[in-house]
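The next block holds one structure in the form of structure tokens; read it before the comments.
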Amino acid sequence: LRELRASTASALALALPPPAHTNATAQRLPGAIIIGVRKGGTRALLEMLNLHPDVEVAKAEVHYFNLDENYRRGLSWYRAQMPFTLPGQLTVEKTPGYFSAPLVPERMWEMNPAVRLLLIVRDPAERLVSDYTQVLHNRLQRHKPYQSLEELLLLDHDGNGNGRGGGRIDPGYKALQRSLYHVHFQRWLEHFPRQQIHVVDGEALVRDPYPELRKAERFLELPPRIMPSNFYFNATKGFYCLISAGHDKCLDESKGRPHAPLSQRTFHKLCHFLQEPNKRFFNLVGRTFPWC
Ligand SMILES: Nc1ncnc2c1ncn2[C@@H]1O[C@H](COP(=O)(O)OS(=O)(=O)O)[C@@H](OP(=O)(O)O)[C@H]1O
């Protein structure tokens, strides 16, 4: 009798459609995208949003809209990079390179003019140093030659790492270009209305993640499910880590590592250089940040 029951049950299981949840699970295009800024805290924001039960995130950076070789693969390729979700769940991806890549806003708008955009910003001078530190780290790992930050950042630098060569800031330095937020933000505004881009304060997210997450939930029209108890400050890491379903998780060691050295004098020059660009950005976003 037991065998008969078992075989009837398995025959039934084959005949019946799979349970609703497996049936409806599918890879869907993102409803929200974290577009940058590079080194702004994009990974932290993504992982923290992922605490929400109605959110599923693409684990790796997708680089669909900013790399031609990926963009040419089309939307079916892009969709295939996404996690499986239930209807009603929100898919989120993050690629920090989107923010400053000229073609991305238009391409994204063509995919979905209603897609919600999240931009996490951070003091652009600190961001630049963090950006340089990451590049330096990669070069050291691959045993490649590297230049000091002063050498890259200053024109007519005297080569002693002290910035005394009378050097002005080199506006062509790539990492500095990426810190000119107003230039890039302006381009996004040519395609998306301001209300469709939610700006997250990266420094506030480091100090106390919960309030920034609550604002992001509101922007994404998600019910409030992320709680203060999802975060705890890890004194060893020096950052907040995440707790979800009893497991805790800190971001990996490439996040929050010591920055490469830069003389105070050059840092001041950089801050001075960024004053005007920052003001322009504040005007565009309609708020200010206490940056250097
Ligand atoms: N909770 C938590 N834990 C660790 N790190 C945190 C966290 N919140 C924000 N951050 C900041 O995230 C910075 C890295 O930013 P991104 O993830 O955008 O970097 S990347 O562009 O994807 O490489 C990284 O920058 P650096 O400190 O310069 O390394 C961190 O300051």
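By order in the structure tokens, chains are A, B, ...; within a chain, residues start at 1; ligands start at 1, following the order shown.
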Sel. of alpha helix (DSSP H) residues, region 33-282 of chain A, as a PyMOL selection string: chain A and resi 42-49+68-71+74-80+104-111+124-141+149-153+174-178+181-189+202-207+209-219+264-282
Could you pull the residues within 12 Å of region 98-115 of chain A, counting only C-alpha atoms, minus those fewer than 5 positions along the same chain, as an NGL selection string? :A and (29-40 or 42 or 61-68 or 71-72 or 74-76 or 78-79 or 90-93 or 120-121 or 174-193 or 195-198 or 219-220)
Output C-alpha atoms for every residue in the selection just made, as a short mmCIF file (atom, residue, chain, number, x, y, z; two decimals), in the first residue's frame.
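Dumped everything to again_26.cif:
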data_model
loop_
_atom_site.label_atom_id
_atom_site.label_comp_id
_atom_site.auth_asym_id
_atom_site.auth_seq_id
_atom_site.Cartn_x
_atom_site.Cartn_y
_atom_site.Cartn_z
CA LEU A 29 15.07 43.10 -16.23
CA PRO A 30 15.99 45.38 -13.32
CA GLY A 31 13.37 47.78 -12.03
CA ALA A 32 16.09 49.75 -10.26
CA ILE A 33 19.77 50.27 -11.01
CA ILE A 34 22.58 51.64 -8.84
CA ILE A 35 24.46 53.70 -11.43
CA GLY A 36 27.44 54.88 -9.33
CA VAL A 37 29.52 56.55 -8.23
CA ARG A 38 32.58 54.35 -8.41
CA LYS A 39 33.93 53.94 -4.84
CA GLY A 40 30.83 55.67 -3.50
CA THR A 42 27.65 50.96 -4.34
CA GLU A 61 28.56 43.99 -11.79
CA VAL A 62 26.91 43.55 -15.17
CA HIS A 63 28.52 46.35 -17.29
CA TYR A 64 25.80 46.03 -19.91
CA PHE A 65 25.16 49.66 -20.85
CA ASN A 66 28.75 50.88 -20.62
CA LEU A 67 30.66 48.18 -22.48
CA ASP A 68 29.89 47.93 -26.19
CA TYR A 71 25.56 45.99 -25.11
CA ARG A 72 25.79 44.35 -28.52
CA GLY A 74 21.22 42.60 -26.43
CA LEU A 75 18.55 42.61 -23.75
CA SER A 76 18.20 38.81 -23.65
CA TYR A 78 21.27 41.34 -20.00
CA ARG A 79 18.19 39.57 -18.62
CA LEU A 90 12.24 43.99 -7.55
CA THR A 91 15.43 43.16 -9.45
CA VAL A 92 18.38 45.47 -8.75
CA GLU A 93 21.81 45.58 -10.33
CA ILE A 120 25.33 57.02 -4.13
CA VAL A 121 27.74 59.93 -3.82
CA LYS A 174 40.71 60.18 -15.30
CA ALA A 175 39.92 59.70 -11.61
CA LEU A 176 39.41 63.45 -11.28
CA GLN A 177 37.05 63.43 -14.27
CA ARG A 178 34.99 60.76 -12.53
CA SER A 179 34.73 63.08 -9.50
CA LEU A 180 33.17 65.91 -11.53
CA TYR A 181 29.70 64.75 -10.60
CA HIS A 182 27.88 67.70 -12.18
CA VAL A 183 29.19 66.85 -15.66
CA HIS A 184 27.78 63.34 -15.52
CA PHE A 185 24.63 64.15 -13.59
CA GLN A 186 23.73 66.77 -16.18
CA ARG A 187 23.84 64.07 -18.85
CA TRP A 188 21.47 61.87 -16.86
CA LEU A 189 19.07 64.78 -16.48
CA GLU A 190 18.91 65.10 -20.25
CA HIS A 191 17.12 61.74 -20.26
CA PHE A 192 15.55 61.16 -16.85
CA PRO A 193 13.50 63.48 -14.66
CA GLN A 195 12.62 62.62 -9.30
CA GLN A 196 13.59 59.36 -10.98
CA ILE A 197 17.13 59.55 -9.57
CA HIS A 198 17.46 58.98 -5.84
CA PHE A 219 11.89 55.82 -3.17
CA LEU A 220 11.50 52.26 -4.47
#
Within 6 Å of ligand 1, counting only C-alpha atoms and all ligand atoms, which protein or nucleic acid residues do you find, written as a PyMOL selection string? chain A and resi 38-44+96+130+205-206+239-241+251+255-257
Please give the complete set of residues from region 66-281 of chain A that DSSP, run on the backbone, assigns to strand (DSSP E), formatted as a PyMOL selection string. chain A and resi 84-85+90-94+116-121+197-201+231-234+239-244+247-249
If you count only C-alpha atoms, the residue of A:Pro53, A:Pro87, A:Pro209, A:Pro171 closest to Ala26 (chain A) turns out to be A:Pro87
Find the residues near region 264-279 of chain A: any atom within 7 Å, counting only C-alpha atoms, skip ones fewer than 3 places away on the same chain, and give them as number ranges by chain. A: 125, 163, 169, 180, 182, 282-283, 292
Store the residues picked out above, limited to all heavy atoms, as a PDB file, in the first residue's frame.
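Result file part27.pdb:
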ATOM      1  N   ALA A 125      36.674  64.300  -3.440  1.00  0.00           N
ATOM      2  CA  ALA A 125      38.124  64.261  -3.220  1.00  0.00           C
ATOM      3  C   ALA A 125      38.490  62.908  -2.595  1.00  0.00           C
ATOM      4  O   ALA A 125      39.438  62.239  -3.047  1.00  0.00           O
ATOM      5  CB  ALA A 125      38.559  65.413  -2.313  1.00  0.00           C
ATOM      6  N   GLY A 163      54.699  67.393  -4.279  1.00  0.00           N
ATOM      7  CA  GLY A 163      53.855  68.388  -4.939  1.00  0.00           C
ATOM      8  C   GLY A 163      54.454  69.782  -4.933  1.00  0.00           C
ATOM      9  O   GLY A 163      53.747  70.767  -5.077  1.00  0.00           O
ATOM     10  N   ILE A 169      46.502  71.236 -10.395  1.00  0.00           N
ATOM     11  CA  ILE A 169      45.729  70.012 -10.578  1.00  0.00           C
ATOM     12  C   ILE A 169      45.557  69.759 -12.076  1.00  0.00           C
ATOM     13  O   ILE A 169      45.243  70.683 -12.836  1.00  0.00           O
ATOM     14  CB  ILE A 169      44.344  70.178  -9.904  1.00  0.00           C
ATOM     15  CG1 ILE A 169      44.473  70.336  -8.392  1.00  0.00           C
ATOM     16  CG2 ILE A 169      43.405  69.038 -10.269  1.00  0.00           C
ATOM     17  CD1 ILE A 169      44.907  69.095  -7.642  1.00  0.00           C
ATOM     18  N   LEU A 180      33.918  64.703 -11.128  1.00  0.00           N
ATOM     19  CA  LEU A 180      33.170  65.906 -11.535  1.00  0.00           C
ATOM     20  C   LEU A 180      31.706  65.507 -11.709  1.00  0.00           C
ATOM     21  O   LEU A 180      31.182  65.373 -12.816  1.00  0.00           O
ATOM     22  CB  LEU A 180      33.743  66.488 -12.839  1.00  0.00           C
ATOM     23  CG  LEU A 180      35.227  66.865 -12.790  1.00  0.00           C
ATOM     24  CD1 LEU A 180      35.699  67.400 -14.145  1.00  0.00           C
ATOM     25  CD2 LEU A 180      35.500  67.888 -11.683  1.00  0.00           C
ATOM     26  N   HIS A 182      28.872  66.885 -11.448  1.00  0.00           N
ATOM     27  CA  HIS A 182      27.879  67.696 -12.175  1.00  0.00           C
ATOM     28  C   HIS A 182      27.892  67.405 -13.678  1.00  0.00           C
ATOM     29  O   HIS A 182      26.844  67.419 -14.325  1.00  0.00           O
ATOM     30  CB  HIS A 182      28.096  69.189 -11.909  1.00  0.00           C
ATOM     31  CG  HIS A 182      29.308  69.754 -12.581  1.00  0.00           C
ATOM     32  ND1 HIS A 182      30.596  69.455 -12.185  1.00  0.00           N
ATOM     33  CD2 HIS A 182      29.443  70.589 -13.642  1.00  0.00           C
ATOM     34  CE1 HIS A 182      31.452  70.088 -12.951  1.00  0.00           C
ATOM     35  NE2 HIS A 182      30.779  70.784 -13.857  1.00  0.00           N
ATOM     36  N   PHE A 282      25.507  70.475  -6.481  1.00  0.00           N
ATOM     37  CA  PHE A 282      24.485  70.767  -5.462  1.00  0.00           C
ATOM     38  C   PHE A 282      23.273  71.443  -6.109  1.00  0.00           C
ATOM     39  O   PHE A 282      22.129  71.148  -5.758  1.00  0.00           O
ATOM     40  CB  PHE A 282      25.041  71.666  -4.350  1.00  0.00           C
ATOM     41  CG  PHE A 282      26.197  71.083  -3.583  1.00  0.00           C
ATOM     42  CD1 PHE A 282      27.060  71.907  -2.846  1.00  0.00           C
ATOM     43  CD2 PHE A 282      26.447  69.710  -3.580  1.00  0.00           C
ATOM     44  CE1 PHE A 282      28.130  71.365  -2.140  1.00  0.00           C
ATOM     45  CE2 PHE A 282      27.512  69.165  -2.884  1.00  0.00           C
ATOM     46  CZ  PHE A 282      28.361  69.999  -2.163  1.00  0.00           C
ATOM     47  N   ASN A 283      23.563  72.356  -7.034  1.00  0.00           N
ATOM     48  CA  ASN A 283      22.448  73.031  -7.719  1.00  0.00           C
ATOM     49  C   ASN A 283      21.604  72.038  -8.506  1.00  0.00           C
ATOM     50  O   ASN A 283      20.384  72.142  -8.534  1.00  0.00           O
ATOM     51  CB  ASN A 283      22.976  74.110  -8.681  1.00  0.00           C
ATOM     52  CG  ASN A 283      23.374  75.353  -7.915  1.00  0.00           C
ATOM     53  OD1 ASN A 283      22.871  75.596  -6.816  1.00  0.00           O
ATOM     54  ND2 ASN A 283      24.285  76.131  -8.481  1.00  0.00           N
ATOM     55  N   CYS A 292      34.714  68.536   1.410  1.00  0.00           N
ATOM     56  CA  CYS A 292      35.857  69.418   1.713  1.00  0.00           C
ATOM     57  C   CYS A 292      35.878  70.622   0.783  1.00  0.00           C
ATOM     58  O   CYS A 292      35.274  70.593  -0.252  1.00  0.00           O
ATOM     59  CB  CYS A 292      37.172  68.659   1.574  1.00  0.00           C
ATOM     60  SG  CYS A 292      37.684  68.318  -0.118  1.00  0.00           S
TER      61      CYS A 292
END
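Distance check against His259 (chain A) using only C-alpha atoms: of A:Arg214, A:Arg225, A:His137, A:Arg194, the minimum falls on A:His137.
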Just checking: using only C-alpha atoms, which residue out of A:Asn50, A:Gln81, A:Thr95, A:Ser254 ends up closest to Asp131 (chain A)?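 Closest residue, counting only C-alpha atoms: A:Ser254.
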For a quick check of understanding, using only C-alpha atoms, which of A:Leu140, A:Leu152, A:Ala24, A:Met227 has the smallest distance to Leu242 (chain A)? A:Met227
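Contact shell of Gln89 (chain A) at 8 Å (only C-alpha atoms; same-chain neighbours under 2 positions omitted): A:Asp54, A:Val55, A:Glu56, A:Thr85, A:Leu86, A:Pro87, A:Thr91.
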What is the CA of Glu47 (chain A)-CA of Lys249 (chain A) distance in Å, reported with one decimal?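 Going from CA of Glu47 (chain A) over to CA of Lys249 (chain A) covers 9.4 Å.
Straight-line separation from CA of Gly172 (chain A) to CA of Leu153 (chain A): 8.7 Å.
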Work out how far apart CA of Ala245 (chain A) and CA of Pro83 (chain A) are and give it in Å to one decimal.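 That distance, rounded to one decimal, is 19.5 Å.
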